[in-house]
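A.B. asks: Next up, protein-v5.cif (mmCIF, C-alpha atoms).
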data_protein
loop_
_atom_site.group_PDB
_atom_site.id
_atom_site.type_symbol
_atom_site.label_atom_id
_atom_site.label_comp_id
_atom_site.auth_asym_id
_atom_site.auth_seq_id
_atom_site.Cartn_x
_atom_site.Cartn_y
_atom_site.Cartn_z
ATOM 1 C CA PHE A 1 27.117 21.609 2.544
ATOM 2 C CA TYR A 2 28.249 18.987 5.056
ATOM 3 C CA LEU A 3 26.803 16.173 2.916
ATOM 4 C CA LEU A 4 28.371 17.535 -0.263
ATOM 5 C CA SER A 5 31.762 17.816 1.461
ATOM 6 C CA LEU A 6 31.542 14.240 2.703
ATOM 7 C CA LEU A 7 30.561 12.952 -0.700
ATOM 8 C CA PHE A 8 33.367 14.930 -2.357
ATOM 9 C CA PHE A 9 36.012 13.577 -0.003
ATOM 10 C CA ALA A 10 34.621 10.060 -0.268
ATOM 11 C CA SER A 11 34.754 10.179 -4.067
ATOM 12 C CA CYS A 12 38.303 11.577 -4.114
ATOM 13 C CA SER A 13 39.807 8.939 -1.833
ATOM 14 C CA THR A 14 41.219 5.634 -2.998
ATOM 15 C CA GLY A 15 39.889 2.193 -2.167
ATOM 16 C CA ASP A 16 36.309 1.072 -1.735
ATOM 17 C CA ASN A 17 34.156 4.189 -1.848
ATOM 18 C CA THR A 18 30.817 2.388 -1.674
ATOM 19 C CA SER A 19 30.828 1.926 2.081
ATOM 20 C CA LYS A 20 32.077 5.491 2.653
ATOM 21 C CA VAL A 21 29.345 7.012 0.492
ATOM 22 C CA SER A 22 26.729 4.815 2.172
ATOM 23 C CA ALA A 23 28.020 5.874 5.578
ATOM 24 C CA ALA A 24 27.951 9.531 4.533
ATOM 25 C CA THR A 25 24.396 9.164 3.276
ATOM 26 C CA ALA A 26 23.319 7.403 6.474
ATOM 27 C CA ASN A 27 24.971 10.111 8.587
ATOM 28 C CA ALA A 28 23.305 12.830 6.537
ATOM 29 C CA THR A 29 19.952 11.097 6.913
ATOM 30 C CA GLU A 30 20.477 10.806 10.661
ATOM 31 C CA ALA A 31 21.303 14.502 10.809
ATOM 32 C CA THR A 32 18.013 15.435 9.136
ATOM 33 C CA VAL A 33 15.936 13.033 11.218
ATOM 34 C CA PRO A 34 15.653 13.976 14.865
ATOM 35 C CA ALA A 35 15.951 10.376 16.030
ATOM 36 C CA THR A 36 16.334 9.784 19.727
ATOM 37 C CA ALA A 37 17.968 6.446 19.034
ATOM 38 C CA THR A 38 18.895 4.462 15.973
ATOM 39 C CA ASP A 39 18.815 0.995 17.443
ATOM 40 C CA VAL A 40 16.462 -1.302 15.590
ATOM 41 C CA LYS A 41 13.888 -1.615 18.366
ATOM 42 C CA SER A 42 13.629 2.126 19.061
ATOM 43 C CA LEU A 43 13.489 3.152 15.426
ATOM 44 C CA LYS A 44 10.923 0.463 14.615
ATOM 45 C CA GLY A 45 8.865 1.640 17.589
ATOM 46 C CA GLU A 46 8.915 5.238 16.342
ATOM 47 C CA ILE A 47 7.786 4.154 12.876
ATOM 48 C CA ASP A 48 5.065 1.928 14.341
ATOM 49 C CA GLN A 49 3.788 4.851 16.458
ATOM 50 C CA MET A 50 3.577 7.092 13.421
ATOM 51 C CA GLU A 51 1.699 4.386 11.493
ATOM 52 C CA GLU A 52 -0.795 4.109 14.349
ATOM 53 C CA PHE A 53 -1.230 7.886 14.283
ATOM 54 C CA PHE A 54 -2.003 7.780 10.539
ATOM 55 C CA LYS A 55 -4.455 4.910 10.985
ATOM 56 C CA ALA A 56 -6.254 6.710 13.815
ATOM 57 C CA ASN A 57 -6.425 9.937 11.788
ATOM 58 C CA GLY A 58 -7.176 8.388 8.405
ATOM 59 C CA ASN A 59 -10.251 10.517 7.793
ATOM 60 C CA LYS A 60 -8.428 13.783 8.554
ATOM 61 C CA PRO A 61 -6.171 15.744 6.173
ATOM 62 C CA LEU A 62 -2.663 14.349 5.932
ATOM 63 C CA ASP A 63 -0.275 15.736 8.551
ATOM 64 C CA LYS A 64 2.476 16.650 6.079
ATOM 65 C CA PRO A 65 5.312 17.241 8.574
ATOM 66 C CA LYS A 66 4.576 13.940 10.299
ATOM 67 C CA ALA A 67 4.263 12.199 6.906
ATOM 68 C CA LYS A 68 7.652 13.545 5.815
ATOM 69 C CA LEU A 69 9.170 12.410 9.104
ATOM 70 C CA PHE A 70 7.627 8.968 8.597
ATOM 71 C CA VAL A 71 9.250 8.716 5.170
ATOM 72 C CA GLU A 72 12.613 9.859 6.520
ATOM 73 C CA LYS A 73 12.517 7.431 9.462
ATOM 74 C CA SER A 74 11.477 4.559 7.192
ATOM 75 C CA VAL A 75 14.287 5.291 4.740
ATOM 76 C CA LEU A 76 16.720 5.534 7.645
ATOM 77 C CA PHE A 77 15.514 2.179 8.985
ATOM 78 C CA VAL A 78 16.008 0.508 5.607
ATOM 79 C CA SER A 79 19.460 2.045 5.161
ATOM 80 C CA LEU A 80 20.565 0.889 8.619
ATOM 81 C CA TYR A 81 18.813 -2.494 8.632
ATOM 82 C CA PRO A 82 18.308 -3.584 5.002
ATOM 83 C CA GLU A 83 18.027 -7.261 5.939
ATOM 84 C CA HIS A 84 15.409 -6.726 8.664
ATOM 85 C CA GLU A 85 12.100 -8.427 7.928
ATOM 86 C CA MET A 86 10.237 -5.098 8.205
ATOM 87 C CA SER A 87 12.469 -3.161 5.791
ATOM 88 C CA PRO A 88 10.504 -3.943 2.599
ATOM 89 C CA ALA A 89 7.174 -3.185 4.297
ATOM 90 C CA PHE A 90 8.448 0.113 5.753
ATOM 91 C CA LEU A 91 9.892 1.091 2.385
ATOM 92 C CA PHE A 92 6.637 0.241 0.597
ATOM 93 C CA ARG A 93 4.604 2.313 3.067
ATOM 94 C CA ALA A 94 7.073 5.191 2.763
ATOM 95 C CA ALA A 95 6.574 5.065 -1.004
ATOM 96 C CA GLU A 96 2.809 5.258 -0.546
ATOM 97 C CA VAL A 97 3.180 8.231 1.786
ATOM 98 C CA SER A 98 5.541 9.932 -0.679
ATOM 99 C CA ARG A 99 2.918 9.493 -3.381
ATOM 100 C CA ALA A 100 0.301 10.987 -1.029
ATOM 101 C CA LEU A 101 2.654 13.945 -0.525
ATOM 102 C CA LYS A 102 2.832 14.267 -4.328
ATOM 103 C CA GLN A 103 6.531 13.445 -4.260
ATOM 104 C CA TYR A 104 6.082 11.025 -7.123
ATOM 105 C CA GLN A 105 9.707 10.580 -8.181
ATOM 106 C CA GLN A 106 10.704 9.753 -4.622
ATOM 107 C CA GLY A 107 7.808 7.319 -4.360
ATOM 108 C CA VAL A 108 8.753 5.628 -7.625
ATOM 109 C CA GLN A 109 12.349 5.243 -6.468
ATOM 110 C CA MET A 110 11.209 3.559 -3.264
ATOM 111 C CA LEU A 111 8.784 1.298 -5.126
ATOM 112 C CA ASP A 112 11.598 0.323 -7.458
ATOM 113 C CA GLN A 113 13.796 -0.440 -4.460
ATOM 114 C CA VAL A 114 11.114 -2.705 -2.978
ATOM 115 C CA TYR A 115 10.751 -4.514 -6.292
ATOM 116 C CA THR A 116 14.476 -4.892 -7.015
ATOM 117 C CA GLN A 117 15.962 -5.391 -3.541
ATOM 118 C CA TYR A 118 13.157 -7.538 -2.150
ATOM 119 C CA PRO A 119 11.870 -9.447 -5.208
ATOM 120 C CA ASN A 120 10.428 -12.274 -3.105
ATOM 121 C CA HIS A 121 8.502 -10.026 -0.719
ATOM 122 C CA GLU A 122 4.724 -10.047 -0.995
ATOM 123 C CA LYS A 123 4.727 -6.304 -1.856
ATOM 124 C CA ALA A 124 7.147 -6.662 -4.816
ATOM 125 C CA PRO A 125 4.413 -7.218 -7.456
ATOM 126 C CA VAL A 126 2.276 -4.387 -6.084
ATOM 127 C CA ALA A 127 5.349 -2.132 -5.991
ATOM 128 C CA LEU A 128 5.963 -2.759 -9.694
ATOM 129 C CA PHE A 129 2.281 -2.153 -10.470
ATOM 130 C CA LEU A 130 2.261 1.129 -8.527
ATOM 131 C CA LYS A 131 5.494 2.167 -10.210
ATOM 132 C CA ALA A 132 3.815 1.743 -13.607
ATOM 133 C CA TYR A 133 0.606 3.394 -12.454
ATOM 134 C CA THR A 134 2.468 6.395 -11.010
ATOM 135 C CA HIS A 135 4.308 6.841 -14.287
ATOM 136 C CA GLU A 136 0.990 6.797 -16.128
ATOM 137 C CA GLU A 137 -1.218 8.880 -13.867
ATOM 138 C CA ASN A 138 1.076 11.223 -11.992
ATOM 139 C CA LEU A 139 4.259 11.581 -14.032
ATOM 140 C CA LYS A 140 2.382 11.567 -17.370
ATOM 141 C CA ASP A 141 4.913 9.152 -18.877
ATOM 142 C CA PRO A 142 2.865 6.531 -20.751
ATOM 143 C CA ALA A 143 5.921 5.003 -22.454
ATOM 144 C CA SER A 144 7.509 4.124 -19.119
ATOM 145 C CA ALA A 145 4.157 3.021 -17.733
ATOM 146 C CA LYS A 146 3.670 0.591 -20.635
ATOM 147 C CA LYS A 147 7.172 -0.769 -20.133
ATOM 148 C CA TYR A 148 6.501 -1.474 -16.450
ATOM 149 C CA TYR A 149 3.010 -2.859 -17.075
ATOM 150 C CA HIS A 150 4.495 -5.304 -19.593
ATOM 151 C CA GLU A 151 7.236 -6.213 -17.139
ATOM 152 C CA PHE A 152 4.537 -6.862 -14.537
ATOM 153 C CA LEU A 153 2.677 -9.227 -16.884
ATOM 154 C CA GLN A 154 5.902 -11.027 -17.701
ATOM 155 C CA LYS A 155 7.056 -11.417 -14.076
ATOM 156 C CA PHE A 156 3.693 -11.990 -12.414
ATOM 157 C CA PRO A 157 1.364 -13.634 -14.977
ATOM 158 C CA GLU A 158 -0.833 -15.186 -12.284
ATOM 159 C CA HIS A 159 -1.137 -12.195 -9.967
ATOM 160 C CA ASP A 160 -4.554 -10.809 -8.964
ATOM 161 C CA LEU A 161 -3.692 -7.472 -10.604
ATOM 162 C CA LYS A 162 -3.150 -9.088 -14.026
ATOM 163 C CA VAL A 163 -6.645 -8.250 -15.321
ATOM 164 C CA GLN A 164 -6.369 -4.657 -14.149
ATOM 165 C CA VAL A 165 -2.947 -4.281 -15.798
ATOM 166 C CA GLU A 166 -4.316 -5.662 -19.076
ATOM 167 C CA GLN A 167 -7.224 -3.209 -18.907
ATOM 168 C CA LEU A 168 -4.905 -0.292 -18.237
ATOM 169 C CA LEU A 169 -2.694 -1.291 -21.147
ATOM 170 C CA SER A 170 -5.708 -1.483 -23.451
ATOM 171 C CA VAL A 171 -6.638 2.158 -22.791
ATOM 172 C CA ILE A 172 -3.295 3.801 -22.072
ATOM 173 C CA ASP A 173 -2.931 5.335 -25.545
ATOM 174 C CA LYS A 174 -6.560 6.379 -25.964
ATOM 175 C CA SER A 175 -7.771 9.930 -25.585
ATOM 176 C CA PRO A 176 -10.763 10.638 -23.332
ATOM 177 C CA GLU A 177 -12.924 11.052 -26.447
ATOM 178 C CA GLU A 178 -11.856 7.643 -27.769
ATOM 179 C CA LEU A 179 -12.623 6.068 -24.398
ATOM 180 C CA ILE A 180 -16.104 7.593 -24.365
ATOM 181 C CA LYS A 181 -16.820 6.346 -27.902
ATOM 182 C CA SER A 182 -15.536 2.885 -27.013
ATOM 183 C CA PHE A 183 -17.707 2.822 -23.903
ATOM 184 C CA GLN A 184 -20.759 3.967 -25.847
ATOM 185 C CA LYS A 185 -20.218 1.221 -28.462
ATOM 186 C CA LYS A 186 -20.109 -1.439 -25.776
ATOM 187 C CA ASN A 187 -23.340 -0.206 -24.244
ATOM 188 C CA GLN A 188 -25.372 -0.131 -27.455
#
Write out the structure in this file as structure tokens.
C.D. replies:
Amino acid sequence: FYLLSLLFFASCSTGDNTSKVSAATANATEATVPATATDVKSLKGEIDQMEEFFKANGNKPLDKPKAKLFVEKSVLFVSLYPEHEMSPAFLFRAAEVSRALKQYQQGVQMLDQVYTQYPNHEKAPVALFLKAYTHEENLKDPASAKKYYHEFLQKFPEHDLKVQVEQLLSVIDKSPEELIKSFQKKNQ
């Protein structure tokens, strides 16, 4: 209710609403994240600690509350410090965790943000690939997946994932039966 009220008042006022809406969103995010501090060093330290926890417990079932907190803290970090060198990496990892939590739309939005806001970051091509792959495999949206796969090939024609993208495009419209027949033909 508090967030909706802030957004309503921000949209009704005159002048530049962008900064007011962003501030309202950041305040709402802070309210949902029990952060002890929001300075860059403290927040980065909290995120780093959670990443270490996940690495140390990689073979155990995902701690969903901690994973959700990791996503929230990472999103908060990016909203507060978008120009920080770690922002694209934190956002990318938050997208991966969102996908692991089966929050595919949220993950796709974060992947898109990595790709569009940080186009020169090393994770930008992989973010676009995972965006396409998530549309194909998890959201069951082959039309969007094809669009993003083609965009990947256009933007990153020399990337290591090129061959995999081409393979995925070659089978995206085939039924499982067609894939089996195609595989059997190749092996005869």
A.B. asks: Between atom CA of Gln113 of chain A and atom CA of Ser79 of chain A, what is the distance in Å, rounded to a tenth?
C.D. replies: 11.4 Å
A.B. asks: Which residue is closest to Pro65 of chain A? Choose from A:Val97, A:Phe92, A:Glu46, A:Lys147 and count only C-alpha atoms.
C.D. replies: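 Of A:Val97, A:Phe92, A:Glu46, A:Lys147, the one nearest Pro65 of chain A is A:Val97, counting only C-alpha atoms.
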A.B. asks: Write out as a ChimeraX atom specification the residues lying within 12 Å of Val171 of chain A, counting all atoms listed in the file and excluding same-chain residues fewer than 4 positions away.
C.D. replies: /A:136,142,145-146,164-167,175-180,182-183
A.B. asks: Next, write the just-selected residues to a file, as an mmCIF file, keeping the file's coordinate frame, keeping C-alpha atoms as the atom set.
C.D. replies:
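Output contents, as saved in out.cif:
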data_model
loop_
_atom_site.group_PDB
_atom_site.id
_atom_site.type_symbol
_atom_site.label_atom_id
_atom_site.label_comp_id
_atom_site.auth_asym_id
_atom_site.auth_seq_id
_atom_site.Cartn_x
_atom_site.Cartn_y
_atom_site.Cartn_z
ATOM 1 C CA GLU A 136 0.990 6.797 -16.128
ATOM 2 C CA PRO A 142 2.865 6.531 -20.751
ATOM 3 C CA ALA A 145 4.157 3.021 -17.733
ATOM 4 C CA LYS A 146 3.670 0.591 -20.635
ATOM 5 C CA GLN A 164 -6.369 -4.657 -14.149
ATOM 6 C CA VAL A 165 -2.947 -4.281 -15.798
ATOM 7 C CA GLU A 166 -4.316 -5.662 -19.076
ATOM 8 C CA GLN A 167 -7.224 -3.209 -18.907
ATOM 9 C CA SER A 175 -7.771 9.930 -25.585
ATOM 10 C CA PRO A 176 -10.763 10.638 -23.332
ATOM 11 C CA GLU A 177 -12.924 11.052 -26.447
ATOM 12 C CA GLU A 178 -11.856 7.643 -27.769
ATOM 13 C CA LEU A 179 -12.623 6.068 -24.398
ATOM 14 C CA ILE A 180 -16.104 7.593 -24.365
ATOM 15 C CA SER A 182 -15.536 2.885 -27.013
ATOM 16 C CA PHE A 183 -17.707 2.822 -23.903
#
A.B. asks: Using all atoms listed in the file, which of A:Ala94, A:Ala132, A:Val114, A:Val40 sits nearest Val75 of chain A?
C.D. replies: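 Looking only at the distances to Val75 of chain A, the closest residue turns out to be A:Ala94.
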A.B. asks: Might you pull out every residue within 7 Å of Leu111 of chain A, with only C-alpha atoms counted and same-chain residues fewer than 3 positions away left off, and present them as a ChimeraX atom specification?
C.D. replies: /A:92,95,107-108,114-115,127-128,131
A.B. asks: I need the chosen residues saved as an mmCIF file, keeping the file's coordinate frame, with C-alpha atoms.
C.D. replies:
data_model
loop_
_atom_site.group_PDB
_atom_site.id
_atom_site.type_symbol
_atom_site.label_atom_id
_atom_site.label_comp_id
_atom_site.auth_asym_id
_atom_site.auth_seq_id
_atom_site.Cartn_x
_atom_site.Cartn_y
_atom_site.Cartn_z
ATOM 1 C CA PHE A 92 6.637 0.241 0.597
ATOM 2 C CA ALA A 95 6.574 5.065 -1.004
ATOM 3 C CA GLY A 107 7.808 7.319 -4.360
ATOM 4 C CA VAL A 108 8.753 5.628 -7.625
ATOM 5 C CA VAL A 114 11.114 -2.705 -2.978
ATOM 6 C CA TYR A 115 10.751 -4.514 -6.292
ATOM 7 C CA ALA A 127 5.349 -2.132 -5.991
ATOM 8 C CA LEU A 128 5.963 -2.759 -9.694
ATOM 9 C CA LYS A 131 5.494 2.167 -10.210
#
A.B. asks: Report the residues retrieved by the PyMOL selection byres ((chain A and resi 67) around 10) from the displayed file, expressed as a list in words.
C.D. replies: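 On this input, the PyMOL selection byres ((chain A and resi 67) around 10) captures Met50, Glu51, Phe54, Leu62, Asp63, Lys64, Pro65, Lys66, Lys68, Leu69, Phe70, Val71, Glu72, Lys73, Ala94, Val97, Ser98, Ala100 and Leu101 of chain A.
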A.B. asks: Those residues you just picked out, can you put them in a file as a tab-separated table (two decimals), in the frame of the given file with C-alpha atoms?
C.D. replies:
chain	number	residue	atom	x	y	z
A	50	MET	CA	3.58	7.09	13.42
A	51	GLU	CA	1.70	4.39	11.49
A	54	PHE	CA	-2.00	7.78	10.54
A	62	LEU	CA	-2.66	14.35	5.93
A	63	ASP	CA	-0.28	15.74	8.55
A	64	LYS	CA	2.48	16.65	6.08
A	65	PRO	CA	5.31	17.24	8.57
A	66	LYS	CA	4.58	13.94	10.30
A	68	LYS	CA	7.65	13.54	5.82
A	69	LEU	CA	9.17	12.41	9.10
A	70	PHE	CA	7.63	8.97	8.60
A	71	VAL	CA	9.25	8.72	5.17
A	72	GLU	CA	12.61	9.86	6.52
A	73	LYS	CA	12.52	7.43	9.46
A	94	ALA	CA	7.07	5.19	2.76
A	97	VAL	CA	3.18	8.23	1.79
A	98	SER	CA	5.54	9.93	-0.68
A	100	ALA	CA	0.30	10.99	-1.03
A	101	LEU	CA	2.65	13.94	-0.52
A.B. asks: At what distance in Å, to one decimal, does atom CA of Asp112 of chain A lie from atom CA of Ala143 of chain A?
C.D. replies: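 Answer for the atom CA of Ala143 of chain A to atom CA of Asp112 of chain A separation: 16.7 Å.
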A.B. asks: Neighbours of segment 83-88 of chain A within 8 Å (all atoms listed in the file; same-chain residues fewer than 6 positions away dropped), as a list in words?
C.D. replies: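 Neighbouring residues, sequence-local ones excluded: Ser74, Phe77, Val114, Tyr118, His121 and Lys123 of chain A.
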A.B. asks: Taking the point (6.1, 12.4, -8.2) as given in the file, collect each protein or nucleic acid residue that comes within 10 Å of it, counting all atoms listed in the file, and present the set as a list in words.
C.D. replies: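 Using all atoms listed in the file, the matching residues come out as Ser98, Arg99, Ala100, Leu101, Lys102, Gln103, Tyr104, Gln105, Gln106, Gly107, Val108, Gln109, Thr134, His135, Glu137, Asn138, Leu139 and Lys140 of chain A.
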A.B. asks: I'd like the interatomic distance between atom CA of Phe90 of chain A and atom CA of Gly45 of chain A, to a tenth of an Å.
C.D. replies: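 Taking atom CA of Phe90 of chain A as the start and atom CA of Gly45 of chain A as the end point, the length is 11.9 Å.
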